[in-house]
Amino acid sequence: MTSVRALARTAVAAVLLGTAAVGLFEVRDHLPQLVDQVGEPWAMRRPAEFVIVGVALDDGRVSSPMIRFDPRATLQLRRVTVAVENVLQGGPLGERIEVFYFTWAGAFNGPRPLWFGPGVRRVWWLRRDAGVLRTICDGWDTCTQVVESGAHRGYRPVKGRPVILAVADVLLTRGEGEIHEGAWAREMMAAPDQGIESYVVGKMRHLALTEKGAVRQSACLWLWIYAQDPGVNAGVKEDAGRALREADCRCEKQPDRNMACL
């Protein structure tokens, strides 16, 4: 990631989620024998069997705090019930599923931790383990993506296409229901784009031409980044520059040295 992209994304980074516990599941029998994945590079060692879009309904602890990864860090096993809206990768899972994960049991200091407050829509990367579904990461949240673009219940991924394109479709297309425009604008900046820059440029062009306010501003900023980024190929840069002109995006450096677009 180039420095200009890092600066722009830092300028619009989302506030970290809270970490208060929500409920407590009393599970005495058949507790799955899971081992935490904290410290593992999830994208390399723990591939996802399922990629879904779903809304967390409840989230509770299913085991007492335990030391598994580091004597200085205590973990707990939790279970969240998820209402499934879309299956982007993998077979059918039903309308509601239970997902297990490990997260911190005590104080922590770092990026956003795994924790699922009720009502939050996300893209989830999951796999099967010990007869249950679990997230492919534990501790820090590197395997879910908050969706602020609304519900996309009628969306079906194109068969044979990489799942990252379906994720981009969900994150960068206006859906149904109540949408917090500012939250969507912030989450847009975290949309995956590695290897699909040209596709994302097309999505951002459409948003810059059709949206208003904060969403349009974020789309314009993305296009400006692509037009300046030496790490993308010439064709992507040209397409981004053309889209900037077509949408009449006006981007200027602010006193804090970050870019802002109108």
# chains A, B, ... in the order shown; residues from 1 in each chain; ligands from 1

call {"tool": "select_by_dssp", "arguments": {"residues": "range 103-247 of chain A", "states": "strand (DSSP E)", "output": "number ranges by chain"}}
result
A: 103-104, 121-129, 132-135, 144-146

call {"tool": "select_by_dssp", "arguments": {"residues": "range 11-259 of chain A", "states": "alpha helix (DSSP H)", "output": "number ranges by chain"}}
result
A: 11, 42-45, 163-171, 181-188, 197-210, 213-228, 234-246

call {"tool": "residues_around", "arguments": {"residues": "Arg128 in chain A", "least_positions_apart": "3", "cutoff": "9 Å", "atoms": "only C-alpha atoms", "output": "short mmCIF file (atom, residue, chain, number, x, y, z; two decimals) with N, CA and C atoms, in the first residue's frame"}}
result
data_model
loop_
_atom_site.label_atom_id
_atom_site.label_comp_id
_atom_site.auth_asym_id
_atom_site.auth_seq_id
_atom_site.Cartn_x
_atom_site.Cartn_y
_atom_site.Cartn_z
N ALA A 48 -10.85 -19.67 3.88
CA ALA A 48 -12.27 -19.65 4.18
C ALA A 48 -13.00 -20.66 3.30
N GLU A 49 -13.85 -21.45 3.93
CA GLU A 49 -14.73 -22.36 3.19
C GLU A 49 -16.01 -21.64 2.77
N PHE A 50 -16.44 -20.70 3.64
CA PHE A 50 -17.65 -19.94 3.37
C PHE A 50 -17.35 -18.45 3.50
N GLY A 131 -16.84 -29.86 13.86
CA GLY A 131 -18.28 -29.99 13.71
C GLY A 131 -19.07 -28.70 13.80
N VAL A 132 -18.40 -27.54 13.88
CA VAL A 132 -19.09 -26.25 13.97
C VAL A 132 -18.48 -25.28 12.97
N LEU A 133 -19.13 -24.14 12.81
CA LEU A 133 -18.57 -23.05 12.02
C LEU A 133 -17.81 -22.11 12.93
N ARG A 134 -16.69 -21.61 12.45
CA ARG A 134 -15.91 -20.64 13.20
C ARG A 134 -15.33 -19.60 12.25
N THR A 135 -14.98 -18.45 12.80
CA THR A 135 -14.27 -17.45 12.02
C THR A 135 -12.87 -17.97 11.70
#

call {"tool": "closest_residue", "arguments": {"among": "A:Leu77, A:Thr173, A:Val53, A:Asp193", "to": "Pro32 in chain A", "atoms": "only C-alpha atoms"}}
result
A:Leu77

call {"tool": "closest_residue", "arguments": {"among": "A:Glu211, A:Asp129, A:Asp58, A:Asp239", "to": "Trp224 in chain A", "atoms": "only C-alpha atoms"}}
result
A:Asp239

call {"tool": "atom_distance", "arguments": {"atom1": "CA of Pro157 in chain A", "atom2": "CA of Glu181 in chain A"}}
result
24.6 Å

call {"tool": "residues_around", "arguments": {"residues": "Glu246 in chain A", "least_positions_apart": "2", "cutoff": "12 Å", "atoms": "only C-alpha atoms", "output": "MDAnalysis selection string"}}
result
chainID A and resid 204:210 220 223 239:244 248:250

call {"tool": "closest_residue", "arguments": {"among": "A:Ala260, A:Tyr155, A:Ala247, A:Gly202", "to": "Leu221 in chain A", "atoms": "only C-alpha atoms"}}
result
A:Ala260

call {"tool": "atom_distance", "arguments": {"atom1": "CA of Gly139 in chain A", "atom2": "CA of Gln33 in chain A"}}
result
17.3 Å

call {"tool": "closest_residue", "arguments": {"among": "A:Leu57, A:Leu114, A:Val35, A:Ala73", "to": "Ile97 in chain A", "atoms": "only C-alpha atoms"}}
result
A:Leu57

call {"tool": "closest_residue", "arguments": {"among": "A:Asp138, A:Glu238, A:Glu98, A:Glu252", "to": "Arg112 in chain A", "atoms": "only C-alpha atoms"}}
result
A:Asp138

call {"tool": "closest_residue", "arguments": {"among": "A:Ser64, A:Glu178, A:Met188, A:Val163", "to": "Val147 in chain A", "atoms": "only C-alpha atoms"}}
result
A:Met188

call {"tool": "residues_around", "arguments": {"residues": "Cys143 in chain A", "least_positions_apart": "5", "cutoff": "9 Å", "atoms": "only C-alpha atoms", "output": "mmCIF file with N, CA, C and O atoms, in the first residue's frame"}}
result
data_model
loop_
_atom_site.group_PDB
_atom_site.id
_atom_site.type_symbol
_atom_site.label_atom_id
_atom_site.label_comp_id
_atom_site.auth_asym_id
_atom_site.auth_seq_id
_atom_site.Cartn_x
_atom_site.Cartn_y
_atom_site.Cartn_z
ATOM 1 N N TRP A 42 -3.946 -15.536 9.082
ATOM 2 C CA TRP A 42 -5.153 -16.247 8.674
ATOM 3 C C TRP A 42 -5.273 -16.413 7.169
ATOM 4 O O TRP A 42 -5.743 -17.448 6.680
ATOM 5 N N ALA A 43 -4.859 -15.414 6.403
ATOM 6 C CA ALA A 43 -5.042 -15.502 4.957
ATOM 7 C C ALA A 43 -4.160 -16.574 4.336
ATOM 8 O O ALA A 43 -4.443 -17.066 3.247
ATOM 9 N N LEU A 114 -12.219 -8.987 17.695
ATOM 10 C CA LEU A 114 -13.419 -9.737 17.351
ATOM 11 C C LEU A 114 -14.446 -9.558 18.457
ATOM 12 O O LEU A 114 -14.172 -9.827 19.626
ATOM 13 N N VAL A 123 -19.631 -8.866 6.274
ATOM 14 C CA VAL A 123 -19.152 -9.996 5.490
ATOM 15 C C VAL A 123 -18.328 -10.848 6.450
ATOM 16 O O VAL A 123 -17.480 -10.327 7.177
ATOM 17 N N TRP A 124 -18.584 -12.169 6.467
ATOM 18 C CA TRP A 124 -17.913 -13.096 7.376
ATOM 19 C C TRP A 124 -17.128 -14.113 6.565
ATOM 20 O O TRP A 124 -17.661 -14.719 5.630
ATOM 21 N N TRP A 125 -15.866 -14.356 6.931
ATOM 22 C CA TRP A 125 -15.053 -15.420 6.348
ATOM 23 C C TRP A 125 -15.004 -16.560 7.372
ATOM 24 O O TRP A 125 -14.478 -16.387 8.489
ATOM 25 N N LEU A 126 -15.553 -17.713 7.008
ATOM 26 C CA LEU A 126 -15.764 -18.811 7.955
ATOM 27 C C LEU A 126 -15.187 -20.117 7.425
ATOM 28 O O LEU A 126 -14.962 -20.281 6.227
ATOM 29 N N THR A 135 -14.977 -18.454 12.802
ATOM 30 C CA THR A 135 -14.265 -17.453 12.017
ATOM 31 C C THR A 135 -12.872 -17.971 11.695
ATOM 32 O O THR A 135 -12.323 -18.799 12.423
ATOM 33 N N ILE A 136 -12.279 -17.481 10.614
ATOM 34 C CA ILE A 136 -10.936 -17.951 10.255
ATOM 35 C C ILE A 136 -9.852 -17.141 10.944
ATOM 36 O O ILE A 136 -8.662 -17.334 10.668
ATOM 37 N N CYS A 137 -10.242 -16.228 11.830
ATOM 38 C CA CYS A 137 -9.271 -15.508 12.657
ATOM 39 C C CYS A 137 -9.799 -15.492 14.085
ATOM 40 O O CYS A 137 -10.979 -15.727 14.328
ATOM 41 N N ASP A 138 -8.940 -15.220 15.029
ATOM 42 C CA ASP A 138 -9.315 -15.058 16.436
ATOM 43 C C ASP A 138 -8.582 -13.848 17.003
ATOM 44 O O ASP A 138 -7.534 -13.441 16.489
#

call {"tool": "atom_distance", "arguments": {"atom1": "CA of Arg216 in chain A", "atom2": "CA of Phe116 in chain A"}}
result
28.5 Å
